[in-house]
Each structure stands twice: as C-alpha cells, then as structure tokens.
file work-v4.txt (compact mmCIF, C-alpha atoms)
# COMPACT_ATOMS: atom_id res chain seq x y z
CA MET A 20 0.00 0.00 0.00
CA ASN A 21 1.26 3.55 -0.78
CA MET A 22 0.16 7.15 -1.05
CA ARG A 23 -1.13 6.60 -4.61
CA VAL A 24 -4.08 4.84 -3.00
CA LEU A 25 -4.70 7.80 -0.70
CA SER A 26 -4.57 10.40 -3.46
CA THR A 27 -6.75 8.34 -5.80
CA LEU A 28 -9.48 8.09 -3.18
CA ALA A 29 -9.17 11.78 -2.38
CA LEU A 30 -9.92 12.65 -6.01
CA ILE A 31 -13.58 12.00 -5.32
CA VAL A 32 -13.76 14.98 -2.97
CA LEU A 33 -13.24 17.24 -5.98
CA LEU A 34 -16.82 16.57 -6.91
CA GLN A 35 -18.08 18.19 -3.73
CA GLU A 36 -16.26 21.49 -4.46
CA PRO A 37 -17.68 24.67 -6.03
CA PHE A 38 -18.23 23.72 -9.64
CA SER A 39 -19.40 27.20 -10.64
CA ARG A 40 -15.81 28.40 -10.31
CA LEU A 41 -14.97 26.17 -13.26
CA ALA A 42 -17.63 27.57 -15.55
CA SER A 43 -15.49 30.57 -16.40
CA GLY A 44 -12.81 28.30 -17.91
CA GLN A 45 -12.11 28.24 -21.61
CA GLY A 46 -14.55 26.28 -23.71
CA ALA A 47 -17.43 26.43 -21.25
CA SER A 48 -20.78 26.53 -23.05
CA PRO A 49 -23.92 28.12 -21.57
CA SER A 50 -25.42 24.67 -20.93
CA LEU A 51 -22.27 23.60 -19.13
CA GLU A 52 -22.31 26.78 -17.07
CA ARG A 53 -25.88 26.10 -15.98
CA LEU A 54 -25.04 22.52 -15.03
CA LEU A 55 -21.99 23.52 -13.03
CA ALA A 56 -23.92 26.26 -11.24
CA ALA A 57 -26.69 23.81 -10.35
CA VAL A 58 -24.20 21.26 -9.01
CA GLN A 59 -22.52 23.99 -6.95
CA ALA A 60 -25.80 25.12 -5.43
CA LYS A 61 -26.75 21.56 -4.53
CA TYR A 62 -23.46 20.59 -2.90
CA ALA A 63 -23.17 23.91 -1.08
CA ARG A 64 -26.30 22.90 0.83
CA LEU A 65 -25.14 19.40 1.69
CA ARG A 66 -23.63 18.63 5.06
CA SER A 67 -22.88 14.97 4.36
CA LEU A 68 -23.21 12.30 1.70
CA ALA A 69 -23.20 8.51 1.92
CA ALA A 70 -23.17 5.90 -0.84
CA ASP A 71 -22.23 2.39 -1.85
CA PHE A 72 -19.36 2.18 -4.32
CA VAL A 73 -17.56 -0.17 -6.66
CA GLN A 74 -13.98 0.56 -7.68
CA ILE A 75 -12.54 -1.08 -10.80
CA TYR A 76 -8.81 -0.73 -11.37
CA GLN A 77 -7.18 -1.58 -14.70
CA ALA A 78 -3.48 -1.41 -15.60
CA SER A 79 -1.48 -2.84 -18.46
CA GLY A 80 -0.03 -6.23 -17.61
CA SER A 81 -2.14 -6.67 -14.47
CA PRO A 82 -5.48 -8.37 -13.92
CA THR A 83 -8.48 -6.10 -13.45
CA ARG A 84 -9.21 -5.55 -9.75
CA ARG A 85 -12.75 -4.95 -8.49
CA GLU A 86 -13.47 -3.78 -4.95
CA GLU A 87 -16.69 -2.80 -3.18
CA GLY A 88 -17.59 -0.84 -0.11
CA THR A 89 -19.33 2.15 1.44
CA VAL A 90 -18.30 5.78 1.74
CA ILE A 91 -19.30 8.73 3.92
CA LEU A 92 -18.23 12.30 3.09
CA ALA A 93 -18.83 15.15 5.54
CA LYS A 94 -17.76 18.76 5.72
CA PRO A 95 -15.17 19.90 6.46
CA ARG A 96 -12.72 17.52 4.74
CA ARG A 97 -13.84 14.33 6.44
CA MET A 98 -14.10 10.98 4.67
CA ARG A 99 -14.60 7.35 5.57
CA TRP A 100 -14.08 4.76 2.82
CA HIS A 101 -14.77 1.23 4.08
CA TYR A 102 -13.84 -1.50 1.62
CA HIS A 103 -15.78 -4.69 2.32
CA ARG A 104 -14.75 -6.93 -0.59
CA PRO A 105 -12.56 -8.68 -1.54
CA GLU A 106 -10.31 -7.44 1.30
CA GLU A 107 -11.33 -5.23 4.17
CA LYS A 108 -9.54 -1.90 4.38
CA PHE A 109 -10.26 1.66 5.48
CA PHE A 110 -9.32 5.09 4.19
CA ILE A 111 -10.21 7.83 6.68
CA SER A 112 -9.68 11.58 6.83
CA ASP A 113 -10.47 13.29 10.13
CA GLY A 114 -9.84 16.74 8.68
CA GLU A 115 -6.25 16.89 9.94
CA ARG A 116 -4.72 13.56 8.97
CA VAL A 117 -5.41 10.79 6.46
CA TYR A 118 -5.10 7.10 7.30
CA LEU A 119 -5.03 3.94 5.22
CA TYR A 120 -5.59 0.83 7.35
CA VAL A 121 -5.50 -2.78 6.14
CA PRO A 122 -6.43 -5.09 9.04
CA ALA A 123 -4.93 -8.20 7.40
CA GLU A 124 -1.56 -6.43 7.13
CA ARG A 125 -1.78 -4.99 10.67
CA GLN A 126 -0.52 -1.71 9.28
CA VAL A 127 -1.68 1.90 9.10
CA VAL A 128 -0.19 4.42 6.67
CA ARG A 129 -0.84 7.94 7.90
CA ALA A 130 0.00 11.46 6.81
CA LYS A 131 -0.91 14.99 7.72
CA ILE A 132 -3.03 16.56 5.03
CA ARG A 133 -0.25 19.06 4.27
CA GLU A 134 2.24 16.23 3.91
CA ALA A 135 -0.16 14.33 1.68
CA GLU A 136 -0.36 17.46 -0.46
CA ASP A 137 3.40 17.37 -0.90
CA ILE A 138 3.38 13.69 -1.80
CA ARG A 139 0.55 13.95 -4.29
CA ALA A 140 -0.30 17.52 -5.23
CA SER A 141 -3.81 16.53 -6.30
CA PHE A 142 -4.84 15.94 -2.69
CA ALA A 143 -5.04 19.58 -1.62
CA PHE A 144 -7.25 21.05 -4.29
CA PHE A 145 -9.64 18.12 -4.13
CA LEU A 146 -10.13 19.16 -0.51
CA GLY A 147 -10.80 22.75 -1.54
CA GLU A 148 -7.38 24.20 -0.68
CA ARG A 149 -6.48 25.32 -4.19
CA ASP A 150 -8.18 27.32 -6.91
CA LEU A 151 -9.43 24.75 -9.42
CA ARG A 152 -9.25 27.30 -12.23
CA ARG A 153 -5.49 27.30 -11.84
CA VAL A 154 -5.28 23.52 -11.90
CA PHE A 155 -7.45 22.46 -14.85
CA ALA A 156 -6.65 23.61 -18.36
CA ARG A 157 -9.99 22.50 -19.74
CA ILE A 158 -13.41 21.36 -18.56
CA GLU A 159 -15.71 20.04 -21.27
CA ARG A 160 -18.83 18.02 -21.94
CA ILE A 161 -18.06 14.81 -23.84
CA THR A 162 -19.90 11.90 -25.46
CA HIS A 163 -17.10 9.31 -25.16
CA PRO A 164 -16.95 7.39 -22.97
CA ALA A 165 -20.71 7.12 -23.23
CA PRO A 166 -22.76 7.55 -20.05
CA LEU A 167 -23.75 4.41 -18.21
CA ARG A 168 -27.35 5.63 -18.18
CA ALA A 169 -29.24 7.37 -20.96
CA GLY A 170 -29.64 11.07 -20.28
CA ASP A 171 -26.68 11.46 -17.94
CA VAL A 172 -24.04 14.13 -18.66
CA VAL A 173 -20.34 13.25 -18.89
CA LEU A 174 -17.68 15.87 -18.15
CA ARG A 175 -13.90 15.74 -18.61
CA PHE A 176 -11.38 17.66 -16.48
CA ILE A 177 -7.88 18.09 -17.98
CA PRO A 178 -5.12 19.26 -15.59
CA LYS A 179 -2.55 21.86 -16.58
CA ASP A 180 0.34 20.14 -14.83
CA ALA A 181 1.32 16.55 -15.63
CA ARG A 182 3.15 16.36 -12.31
CA LEU A 183 -0.23 15.92 -10.64
CA GLY A 184 0.01 12.28 -11.67
CA PHE A 185 -3.12 11.89 -13.80
CA SER A 186 -4.06 12.85 -17.34
CA GLU A 187 -7.79 13.32 -16.89
CA VAL A 188 -10.77 12.95 -14.58
CA ILE A 189 -14.17 12.08 -16.08
CA ALA A 190 -17.40 12.46 -14.13
CA GLU A 191 -20.90 11.26 -14.99
CA ILE A 192 -23.73 13.35 -13.53
CA ASP A 193 -27.45 12.72 -13.33
CA PRO A 194 -28.88 16.04 -14.63
CA VAL A 195 -32.08 15.66 -12.60
CA SER A 196 -30.81 14.65 -9.14
CA LEU A 197 -27.31 16.09 -9.82
CA HIS A 198 -25.86 12.98 -8.23
CA ILE A 199 -22.38 12.05 -9.39
CA ILE A 200 -22.71 8.38 -10.22
CA ARG A 201 -19.34 7.64 -11.82
CA VAL A 202 -15.80 8.99 -11.65
CA LEU A 203 -13.06 7.77 -13.99
CA ILE A 204 -9.44 8.62 -13.19
CA ARG A 205 -6.77 8.01 -15.82
CA GLU A 206 -3.17 8.08 -14.61
CA LEU A 207 -0.19 9.11 -16.72
CA ASP A 208 0.97 5.52 -17.14
CA GLY A 209 -2.41 4.54 -18.59
CA ALA A 210 -3.77 2.91 -15.45
CA ARG A 211 -7.47 3.58 -14.94
CA SER A 212 -9.73 3.61 -11.86
CA ASP A 213 -13.52 3.72 -12.18
CA PHE A 214 -15.65 4.56 -9.14
CA LEU A 215 -19.35 3.70 -9.50
CA PHE A 216 -21.78 5.07 -6.91
CA SER A 217 -25.24 3.82 -5.94
CA ASN A 218 -27.70 4.11 -3.04
CA ILE A 219 -26.68 7.76 -2.63
CA ARG A 220 -28.08 9.44 0.51
CA GLU A 221 -27.83 13.14 1.30
CA ASN A 222 -27.44 14.82 4.69
CA VAL A 223 -27.21 11.55 6.58
CA PRO A 224 -26.60 11.94 10.34
CA VAL A 225 -22.93 11.35 11.07
CA SER A 226 -20.87 11.41 14.24
CA ARG A 227 -17.27 12.60 14.49
CA SER A 228 -16.47 9.10 15.74
CA GLU A 229 -17.10 7.87 12.16
CA PHE A 230 -13.88 9.61 11.19
CA VAL A 231 -11.72 8.36 14.03
CA LEU A 232 -9.62 5.31 13.21
CA SER A 233 -9.52 2.66 15.93
CA VAL A 234 -6.90 -0.05 15.49
CA PRO A 235 -6.01 -2.99 17.74
CA PRO A 236 -2.80 -3.09 19.79
CA GLY A 237 0.19 -4.33 17.83
CA THR A 238 -0.76 -2.57 14.61
CA HIS A 239 2.25 -0.96 12.91
CA ILE A 240 1.92 2.80 12.28
CA LEU A 241 3.87 3.98 9.24
CA ASP A 242 4.25 7.69 8.53
CA ALA A 243 4.25 8.48 4.83
CA GLN A 244 7.46 9.97 3.54
CA GLU A 245 7.70 12.89 1.18
CA PRO A 246 9.31 12.17 -2.22
CA GLU A 247 12.77 13.54 -2.87
call {"tool": "encode", "arguments": {"input": "work-v4.txt", "output": "structure tokens"}}
result
Amino acid sequence: MNMRVLSTLALIVLLQEPFSRLASGQGASPSLERLLAAVQAKYARLRSLAADFVQIYQASGSPTRREEGTVILAKPRRMRWHYHRPEEKFFISDGERVYLYVPAERQVVRAKIREAEDIRASFAFFLGERDLRRVFARIERITHPAPLRAGDVVLRFIPKDARLGFSEVIAEIDPVSLHIIRVLIRELDGARSDFLFSNIRENVPVSRSEFVLSVPPGTHILDAQEPE
C-alpha cells in the first residue's frame, strides 16, 4: 500500500467542491455553465453524503481488480471509505490527517493533510485548498466514454500540470438529481480507476467518531514519507 491509493481516493472529494468556479474556464458553453452552477448550489447545501461504491482498477499487464464498499463524506474535509470486498480496508480523513488501514496487514499508513499534499499535489485542491481554475486547463462536456445511463451528462477535467500524476478525470452526472454516479481517473501511465456510486443518501446523520480510526494493539503505524 502507498500514497497513490490515498490520493486516488481523495480525487472523489473534488466533486463536492464549487463547480461554478470552473464555468469561467475556456470552452465552457452556456449549458455547461448552468449545469456547473446547479451542481454547486446543490453541494453547497449538503452537510454529508453517503453511498455504496464499486472501484474497478485496470493497468497494463495486471489483472483487473474490483473492490466494493461504502463511503461517507462530511464537511469539512472528512471521509470514511470502508472496503468490504474482496479485502477489508479503510481510508479515513479526520480533517487533519489521512489514514489507510488494512487489518490483514496490521498496518496503518498515515499522513498529515499538508504532507499528503506534498506527496501527491492533487490531494489539496480536491479538498478545496487550491483554486481549481489554476489547476485544470480544460473542462468540457463529452460523449465518449458514453454515459452508463441514458440522459446522464459526462464531463472531462484536464489538468494543466502533468506532475499531478493523472491525465484526466471524467465524471458522470445525473442532470435531474445532480448525483455524481461515476468517476473515472486516468493516470499518466495509462492505469485507470472507475468509481461507480449507488444508493446515494444526502445529509445523513454522522458522528465525528465515524472519522476516528480505531486499530487494535500491535498494529504498525507507518508515517508516509515525502518524495525527494
């Protein structure tokens, strides 16, 4: 396990940020501006979001990996990703630190959010700590890949800086509910992660204890190291 896992999961938080800020980017059409403004208004009102998810990871030369679990997102900057299958693991942000815990390995990888930003620059602006207009060169509506459901809208986000570690993020949005039902992340080496969301619930009651990681005695705590 490494910080790539942490930053990949953190990408999803981008989709809870103020989308209307992106509408002023080059190539934005009036219909895109309206959609982004509507998404912004919706998520600005949300306090928390819960969903079931499936993650599908594909990389050249490796078998496709499918994982399933549940996620809770809550403001400010709190997340709890609980993978149930095929292996149990947790990714938790308490707003100050991020933790990746794999019970079978008896190991926790942890990092302060600022340190995680240094390791993978994408982490910070997905948590709302950077101006997205300065990060993405282009935001556009696309028809390929096709939406999973007829009528959904698919958007592509292209970063300005290749050092962020990914070439594009694609999001599928239900234009009626404004739920984000799919996120596709394509890394520079061609690896691809698809996150599919279902059973989405808004403003679910959450306790701060949901974002506190409890591990049994004897678990090894490993602090993530910054790259040279």
call {"tool": "atom_distance", "arguments": {"input": "work-v4.txt", "atom1": "atom CA of Thr89 of chain A", "atom2": "atom CA of Gly170 of chain A"}}
result
25.6 Å
call {"tool": "closest_atom_pairs", "arguments": {"input": "work-v4.txt", "of": "segment 34-123 of chain A", "to": "segment 238-241 of chain A", "cutoff": "12 Å", "atoms": "all atoms listed in the file", "output": "CSV"}}
result
residue,atom,partner,partner_atom,distance
A:Val117,CA,A:Leu241,CA,11.8
A:Tyr118,CA,A:Ile240,CA,9.6
A:Leu119,CA,A:Leu241,CA,9.8
A:Tyr120,CA,A:Ile240,CA,9.2
A:Val121,CA,A:Thr238,CA,9.7
A:Pro122,CA,A:Thr238,CA,8.3
A:Ala123,CA,A:Thr238,CA,10.1
call {"tool": "residues_around", "arguments": {"input": "work-v4.txt", "residues": "segment 162-169 of chain A", "least_positions_apart": "6", "cutoff": "10 Å", "atoms": "only C-alpha atoms", "output": "PDB file with C-alpha atoms, in the coordinates of the input"}}
result
ATOM      1  CA  ARG A 175     -13.900  15.740 -18.610  1.00  0.00           C
ATOM      2  CA  ILE A 189     -14.170  12.080 -16.080  1.00  0.00           C
ATOM      3  CA  ALA A 190     -17.400  12.460 -14.130  1.00  0.00           C
ATOM      4  CA  GLU A 191     -20.900  11.260 -14.990  1.00  0.00           C
ATOM      5  CA  ILE A 192     -23.730  13.350 -13.530  1.00  0.00           C
ATOM      6  CA  ASP A 193     -27.450  12.720 -13.330  1.00  0.00           C
ATOM      7  CA  ILE A 200     -22.710   8.380 -10.220  1.00  0.00           C
ATOM      8  CA  ARG A 201     -19.340   7.640 -11.820  1.00  0.00           C
ATOM      9  CA  LEU A 203     -13.060   7.770 -13.990  1.00  0.00           C
ATOM     10  CA  LEU A 215     -19.350   3.700  -9.500  1.00  0.00           C
TER      11      LEU A 215
END
call {"tool": "closest_residue", "arguments": {"input": "work-v4.txt", "among": "A:Lys94, A:Pro82, A:Glu124, A:Glu107", "to": "Val223 of chain A", "atoms": "all atoms listed in the file"}}
result
A:Lys94
call {"tool": "atom_distance", "arguments": {"input": "work-v4.txt", "atom1": "atom CA of Leu207 of chain A", "atom2": "atom CA of Glu159 of chain A"}}
result
19.5 Å
call {"tool": "residues_around", "arguments": {"input": "work-v4.txt", "residues": "Gly237 of chain A", "least_positions_apart": "2", "cutoff": "9 Å", "atoms": "all atoms listed in the file", "output": "list in words"}}
result
Arg125, Gln126, Val234, Pro235 and His239 of chain A
call {"tool": "atom_distance", "arguments": {"input": "work-v4.txt", "atom1": "atom CA of Phe230 of chain A", "atom2": "atom CA of Met98 of chain A"}}
result
6.7 Å
call {"tool": "closest_residue", "arguments": {"input": "work-v4.txt", "among": "A:Ser233, A:Ser112, A:Ser212, A:Ser226", "to": "Val73 of chain A", "atoms": "only C-alpha atoms"}}
result
A:Ser212
call {"tool": "residues_around", "arguments": {"input": "work-v4.txt", "residues": "Ala70 of chain A", "least_positions_apart": "3", "cutoff": "8 Å", "atoms": "only C-alpha atoms", "output": "MDAnalysis selection string"}}
result
chainID A and resid 89:91 216:220
call {"tool": "closest_residue", "arguments": {"input": "work-v4.txt", "among": "A:Val195, A:Glu206, A:Arg157, A:Asn222", "to": "Pro178 of chain A", "atoms": "all atoms listed in the file"}}
result
A:Arg157
call {"tool": "residues_around", "arguments": {"input": "work-v4.txt", "residues": "Ala243 of chain A", "least_positions_apart": "5", "cutoff": "7 Å", "atoms": "only C-alpha atoms", "output": "VMD selection string"}}
result
chain A and resid 128 to 130
call {"tool": "write_last_selection", "arguments": {"input": "work-v4.txt", "atoms": "C-alpha atoms", "output": "mmCIF file, in the coordinates of the input"}}
result
data_model
loop_
_atom_site.group_PDB
_atom_site.id
_atom_site.type_symbol
_atom_site.label_atom_id
_atom_site.label_comp_id
_atom_site.auth_asym_id
_atom_site.auth_seq_id
_atom_site.Cartn_x
_atom_site.Cartn_y
_atom_site.Cartn_z
ATOM 1 C CA VAL A 128 -0.190 4.420 6.670
ATOM 2 C CA ARG A 129 -0.840 7.940 7.900
ATOM 3 C CA ALA A 130 0.000 11.460 6.810
#
call {"tool": "closest_residue", "arguments": {"input": "work-v4.txt", "among": "A:Glu87, A:Arg205, A:Phe176, A:Leu68", "to": "Ile161 of chain A", "atoms": "all atoms listed in the file"}}
result
A:Phe176
